[in-house]
Amino acid sequence: MSVATKTDVKTAIVKPRRAVLAMPEYHPPLAAREALRLDFNENTFAPSPRVLDRLKQITAEELTKYPEREPAERKVAAHLGLDSSQVLLTNGVDEAIHLMCCAFLEAEDEALICTPSFFMYDVSISMMTPHLVKVQADETLQFPFERFLAAINERTKLIIVASPNNPTGATVSRAEILAIANAAPHAAVMVDEAYFHFHGETVLSDIATTPNLIVARTFSKAYGLADLRIGMLIGSTEMLTYLRKVSSPYNVNGVALDCLTVAVEDQAYLAWYVEQIRIGRERMMGGLDELGVRYFPSAANFVLMKIGPLHKELVTAMRKRGILLRDRSADPGCDGYVRITIGVEDHVTRGLAALKDSLEEIGWKAMHGFSTAEDQEATTENQEAREL
Ligand SMILES: Cc1ncc(COP(=O)(O)O)c(C=O)c1O
């Protein structure tokens, strides 16, 4: 085998599709995360202990086989009270989004999302069509239902709605989702329920009567299996047939499928973790009230805080204390906003204590409202503190 030297290296003249050149790139800031991870909305603790037990039993021979998805799909479908033809396991919801775009979008079609929301919608949709319509939430960051509904037209072919939404934690009611699906019978409507467990409301029972509705769920969050990459799409058998066609038969690896099966069996563990988050979320919101930090009420395992001009300084001060936060300032309408993930009890305690110290250290002044005169004053003071 010959090794190319530096002088042999040539630039490729082949170019990708125009859509690939134009599409945005998603580079999550994943480097150096050996700290308390309150930045990515992952489970901060562990999956069911049965998962590690199963991993320890994996044999070398098992690794030589192509994965078989169907038995795990049967198990998950039975758990949801559905037929296995209505469930497609995917390589995380990330792949689920990608498959939705591949299955439903022609280059001339429109896709509809609201912003701010999960960035991968943008990436996968832009790969298929330049006609991505974004409806921006107002300053309350609630779902802009009326304007969203009004943006549906005969070219709309794919609609994605996250409930609870990321990074806001806001929800979309079942009535609103059904109104959207009914207003666009010619479009596939994907409801991203990645944070379902922390909220408890779902439109899963509506897939029988609303044929264009598809629900996406992940095992990355409450189940704590983000590293194994497992998500799913749930819908009518007909819709799932199209999605299965565009999916690789081996999209989820066998180790992940095995672990998924045992994780789903341990519902007591899942209930414990979800309860930790619900209690922790209340504690976090109460703690933020005490600190004078404004935030958006959240139905998910994170809270979006309004920090203002000192957002970067806060993230840096927290990192110094071994705690990671996610600066969301670059998201549309989120300038000055920082997101904190809710973990188990001890993680919330550490998060709150570090927040108190960090806010003091950076000389942050409390905000009293979202747009009051006092708030303007605090913003100016925070701006000045940053410039010091
Ligand atoms: C709304 C939303 N959907 C999907 C995902 C990705 O899920 P997965 O890990 O299953 O790809 C995330 C991850 O942060 C998310 O916030």
# chains A, B, ... in the order shown; residues from 1 in each chain; ligands from 1
>>> residues_around(residues="segment 308-317 of chain A", least_positions_apart="3", cutoff="6 Å", atoms="only C-alpha atoms", output="PDB file with N, CA and C atoms, in the first residue's frame")
ATOM      1  N   LYS A 320     -15.770  26.457  35.545  1.00  0.00           N
ATOM      2  CA  LYS A 320     -14.692  26.504  36.543  1.00  0.00           C
ATOM      3  C   LYS A 320     -15.059  25.691  37.781  1.00  0.00           C
ATOM      4  N   LEU A 325     -23.085  24.096  31.407  1.00  0.00           N
ATOM      5  CA  LEU A 325     -24.389  24.625  31.011  1.00  0.00           C
ATOM      6  C   LEU A 325     -24.347  24.814  29.499  1.00  0.00           C
ATOM      7  N   GLY A 336     -28.893  35.945  25.186  1.00  0.00           N
ATOM      8  CA  GLY A 336     -28.745  36.070  26.635  1.00  0.00           C
ATOM      9  C   GLY A 336     -29.350  34.908  27.419  1.00  0.00           C
ATOM     10  N   SER A 358     -21.554  31.441  41.130  1.00  0.00           N
ATOM     11  CA  SER A 358     -21.103  31.967  39.830  1.00  0.00           C
ATOM     12  C   SER A 358     -21.738  33.321  39.547  1.00  0.00           C
ATOM     13  N   GLN A 383     -24.435  44.559  31.557  1.00  0.00           N
ATOM     14  CA  GLN A 383     -23.598  44.925  30.402  1.00  0.00           C
ATOM     15  C   GLN A 383     -22.311  45.582  30.898  1.00  0.00           C
TER      16      GLN A 383
END
>>> closest_atom_pairs(of="segment 60-176 of chain A", to="segment 19-23 of chain A", cutoff="9 Å", atoms="only C-alpha atoms", output="CSV")
residue,atom,partner,partner_atom,distance
A:Asp122,CA,A:Met23,CA,8.1
A:Val123,CA,A:Met23,CA,6.2
A:Ser124,CA,A:Met23,CA,8.5
A:Ile125,CA,A:Met23,CA,8.8
A:Ser126,CA,A:Met23,CA,5.4
A:Met127,CA,A:Ala19,CA,5.5
A:Met128,CA,A:Ala19,CA,7.0
A:Thr129,CA,A:Ala19,CA,7.3
A:Pro130,CA,A:Ala19,CA,7.2
>>> write_last_selection(atoms="C-alpha atoms", output="PDB file, in the first residue's frame")
ATOM      1  CA  ASP A 122     -33.168  22.442   9.986  1.00  0.00           C
ATOM      2  CA  VAL A 123     -30.293  20.159   8.926  1.00  0.00           C
ATOM      3  CA  SER A 124     -32.393  17.214   7.717  1.00  0.00           C
ATOM      4  CA  ILE A 125     -35.061  19.306   6.014  1.00  0.00           C
ATOM      5  CA  SER A 126     -32.503  21.488   4.194  1.00  0.00           C
ATOM      6  CA  MET A 127     -30.945  18.320   2.801  1.00  0.00           C
ATOM      7  CA  MET A 128     -34.155  17.663   0.847  1.00  0.00           C
ATOM      8  CA  THR A 129     -35.755  21.046   0.127  1.00  0.00           C
ATOM      9  CA  PRO A 130     -34.822  24.749   0.265  1.00  0.00           C
TER      10      PRO A 130
END
>>> atom_distance(atom1="atom CA of Val161 of chain A", atom2="atom CA of Glu106 of chain A")
19.6 Å
>>> closest_residue(among="A:Arg283, A:Arg18, A:His98, A:His131", to="ligand 1", atoms="only C-alpha atoms and all ligand atoms")
A:His98
>>> closest_residue(among="A:Gly224, A:Gly231, A:Pro16, A:Pro211", to="ligand 1", atoms="only C-alpha atoms and all ligand atoms")
A:Gly231
>>> atom_distance(atom1="atom CA of Arg319 of chain A", atom2="atom CA of Arg33 of chain A")
9.7 Å
>>> residues_around(residues="Pro49 of chain A", least_positions_apart="2", cutoff="12 Å", atoms="only C-alpha atoms", output="list in words")
Phe45, Ala46, Pro47, Val51, Leu52, Asp53, Arg54, Leu55, Lys56, Tyr223, Gly224, Leu225, Cys259, Val262, Ala263, Val264, Glu265, Asp266, Gln267, Ala268, Tyr269 and Leu270 of chain A
>>> write_last_selection(atoms="N, CA and C atoms", output="PDB file, in the first residue's frame")
ATOM      1  N   PHE A  45     -27.417  10.599  35.284  1.00  0.00           N
ATOM      2  CA  PHE A  45     -27.061   9.604  36.292  1.00  0.00           C
ATOM      3  C   PHE A  45     -26.728   8.249  35.662  1.00  0.00           C
ATOM      4  N   ALA A  46     -27.734   7.462  35.298  1.00  0.00           N
ATOM      5  CA  ALA A  46     -27.494   6.116  34.761  1.00  0.00           C
ATOM      6  C   ALA A  46     -28.795   5.540  34.218  1.00  0.00           C
ATOM      7  N   PRO A  47     -28.691   4.589  33.276  1.00  0.00           N
ATOM      8  CA  PRO A  47     -29.901   3.853  32.884  1.00  0.00           C
ATOM      9  C   PRO A  47     -30.208   2.783  33.936  1.00  0.00           C
ATOM     10  N   VAL A  51     -29.333  -2.781  32.382  1.00  0.00           N
ATOM     11  CA  VAL A  51     -28.653  -2.541  31.108  1.00  0.00           C
ATOM     12  C   VAL A  51     -27.184  -2.951  31.218  1.00  0.00           C
ATOM     13  N   LEU A  52     -26.537  -2.535  32.303  1.00  0.00           N
ATOM     14  CA  LEU A  52     -25.120  -2.880  32.478  1.00  0.00           C
ATOM     15  C   LEU A  52     -24.965  -4.394  32.662  1.00  0.00           C
ATOM     16  N   ASP A  53     -25.902  -5.019  33.384  1.00  0.00           N
ATOM     17  CA  ASP A  53     -25.863  -6.478  33.543  1.00  0.00           C
ATOM     18  C   ASP A  53     -25.908  -7.150  32.178  1.00  0.00           C
ATOM     19  N   ARG A  54     -26.799  -6.657  31.318  1.00  0.00           N
ATOM     20  CA  ARG A  54     -26.941  -7.258  29.982  1.00  0.00           C
ATOM     21  C   ARG A  54     -25.656  -7.051  29.172  1.00  0.00           C
ATOM     22  N   LEU A  55     -25.085  -5.857  29.286  1.00  0.00           N
ATOM     23  CA  LEU A  55     -23.851  -5.570  28.535  1.00  0.00           C
ATOM     24  C   LEU A  55     -22.732  -6.524  28.935  1.00  0.00           C
ATOM     25  N   LYS A  56     -22.686  -6.849  30.235  1.00  0.00           N
ATOM     26  CA  LYS A  56     -21.620  -7.733  30.723  1.00  0.00           C
ATOM     27  C   LYS A  56     -21.789  -9.147  30.194  1.00  0.00           C
ATOM     28  N   TYR A 223     -34.683   7.296  29.665  1.00  0.00           N
ATOM     29  CA  TYR A 223     -34.106   5.942  29.740  1.00  0.00           C
ATOM     30  C   TYR A 223     -32.585   5.951  29.918  1.00  0.00           C
ATOM     31  N   GLY A 224     -31.947   7.066  29.629  1.00  0.00           N
ATOM     32  CA  GLY A 224     -30.508   7.180  29.871  1.00  0.00           C
ATOM     33  C   GLY A 224     -29.631   6.392  28.913  1.00  0.00           C
ATOM     34  N   LEU A 225     -30.061   6.251  27.653  1.00  0.00           N
ATOM     35  CA  LEU A 225     -29.285   5.437  26.703  1.00  0.00           C
ATOM     36  C   LEU A 225     -28.760   6.266  25.519  1.00  0.00           C
ATOM     37  N   CYS A 259     -30.046  -3.990  24.936  1.00  0.00           N
ATOM     38  CA  CYS A 259     -30.145  -3.125  26.126  1.00  0.00           C
ATOM     39  C   CYS A 259     -31.513  -2.465  26.193  1.00  0.00           C
ATOM     40  N   VAL A 262     -34.153  -4.786  27.804  1.00  0.00           N
ATOM     41  CA  VAL A 262     -34.144  -4.897  29.273  1.00  0.00           C
ATOM     42  C   VAL A 262     -34.516  -3.564  29.939  1.00  0.00           C
ATOM     43  N   ALA A 263     -34.171  -2.467  29.292  1.00  0.00           N
ATOM     44  CA  ALA A 263     -34.520  -1.148  29.870  1.00  0.00           C
ATOM     45  C   ALA A 263     -36.038  -0.964  29.900  1.00  0.00           C
ATOM     46  N   VAL A 264     -36.698  -1.393  28.828  1.00  0.00           N
ATOM     47  CA  VAL A 264     -38.164  -1.241  28.761  1.00  0.00           C
ATOM     48  C   VAL A 264     -38.847  -2.105  29.822  1.00  0.00           C
ATOM     49  N   GLU A 265     -38.225  -3.236  30.147  1.00  0.00           N
ATOM     50  CA  GLU A 265     -38.813  -4.123  31.176  1.00  0.00           C
ATOM     51  C   GLU A 265     -38.750  -3.494  32.569  1.00  0.00           C
ATOM     52  N   ASP A 266     -37.811  -2.581  32.774  1.00  0.00           N
ATOM     53  CA  ASP A 266     -37.618  -2.024  34.115  1.00  0.00           C
ATOM     54  C   ASP A 266     -38.351  -0.681  34.257  1.00  0.00           C
ATOM     55  N   GLN A 267     -39.672  -0.746  34.251  1.00  0.00           N
ATOM     56  CA  GLN A 267     -40.463   0.488  34.331  1.00  0.00           C
ATOM     57  C   GLN A 267     -40.362   1.144  35.719  1.00  0.00           C
ATOM     58  N   ALA A 268     -40.067   0.333  36.747  1.00  0.00           N
ATOM     59  CA  ALA A 268     -39.945   0.899  38.102  1.00  0.00           C
ATOM     60  C   ALA A 268     -38.758   1.875  38.130  1.00  0.00           C
ATOM     61  N   TYR A 269     -37.667   1.496  37.464  1.00  0.00           N
ATOM     62  CA  TYR A 269     -36.490   2.373  37.437  1.00  0.00           C
ATOM     63  C   TYR A 269     -36.810   3.671  36.688  1.00  0.00           C
ATOM     64  N   LEU A 270     -37.490   3.512  35.549  1.00  0.00           N
ATOM     65  CA  LEU A 270     -37.848   4.692  34.752  1.00  0.00           C
ATOM     66  C   LEU A 270     -38.702   5.652  35.594  1.00  0.00           C
TER      67      LEU A 270
END
>>> residues_near_ligand(ligand="ligand 1", cutoff="8 Å", atoms="only C-alpha atoms and all ligand atoms", output="ChimeraX atom specification")
/A:40-42,91-96,117-118,120,162-167,192-195,217-221,226,229-231
>>> residues_around(residues="Leu158 of chain A", least_positions_apart="2", cutoff="10 Å", atoms="only C-alpha atoms", output="JSON, numbers by chain")
{"A": [100, 101, 103, 104, 105, 109, 110, 111, 112, 113, 125, 132, 152, 155, 156, 160, 184, 186, 187, 188, 189, 190, 212]}
>>> select_by_dssp(residues="segment 165-344 of chain A", states="strand (DSSP E or B)", output="count of residues only")
32
>>> residues_around(residues="Gly169 of chain A", least_positions_apart="5", cutoff="6 Å", atoms="only C-alpha atoms", output="MDAnalysis selection string")
chainID A and resid 164 298:300
>>> write_last_selection(atoms="C-alpha atoms", output="mmCIF file, in the first residue's frame")
data_model
loop_
_atom_site.group_PDB
_atom_site.id
_atom_site.type_symbol
_atom_site.label_atom_id
_atom_site.label_comp_id
_atom_site.auth_asym_id
_atom_site.auth_seq_id
_atom_site.Cartn_x
_atom_site.Cartn_y
_atom_site.Cartn_z
ATOM 1 C CA PRO A 164 -42.106 19.703 25.089
ATOM 2 C CA SER A 298 -40.571 23.989 31.626
ATOM 3 C CA ALA A 299 -42.283 20.636 31.112
ATOM 4 C CA ALA A 300 -38.978 18.946 30.239
#
>>> closest_residue(among="A:Ile323, A:Thr115, A:Gly363, A:Asn182", to="Glu34 of chain A", atoms="only C-alpha atoms")
A:Ile323
>>> closest_residue(among="A:Asp327, A:Asp258, A:Asp138, A:Glu290", to="Ile58 of chain A", atoms="only C-alpha atoms")
A:Asp258
>>> residues_around(residues="Ala208 of chain A", least_positions_apart="4", cutoff="10 Å", atoms="only C-alpha atoms", output="ChimeraX atom specification")
/A:204,212-213,235-237
>>> write_last_selection(atoms="C-alpha atoms", output="PDB file, in the first residue's frame")
ATOM      1  CA  LEU A 204     -50.016   8.521  20.775  1.00  0.00           C
ATOM      2  CA  ASN A 212     -51.017  11.780   8.988  1.00  0.00           C
ATOM      3  CA  LEU A 213     -49.774  11.892  12.593  1.00  0.00           C
ATOM      4  CA  GLY A 235     -47.715   5.803  13.457  1.00  0.00           C
ATOM      5  CA  SER A 236     -50.139   3.979  11.203  1.00  0.00           C
ATOM      6  CA  THR A 237     -48.931   0.797   9.504  1.00  0.00           C
TER       7      THR A 237
END
>>> atom_distance(atom1="atom CA of Arg147 of chain A", atom2="atom CA of Pro116 of chain A")
14.4 Å
>>> closest_residue(among="A:Asp227, A:Ala256, A:Trp364, A:Arg326", to="Gly292 of chain A", atoms="only C-alpha atoms")
A:Trp364
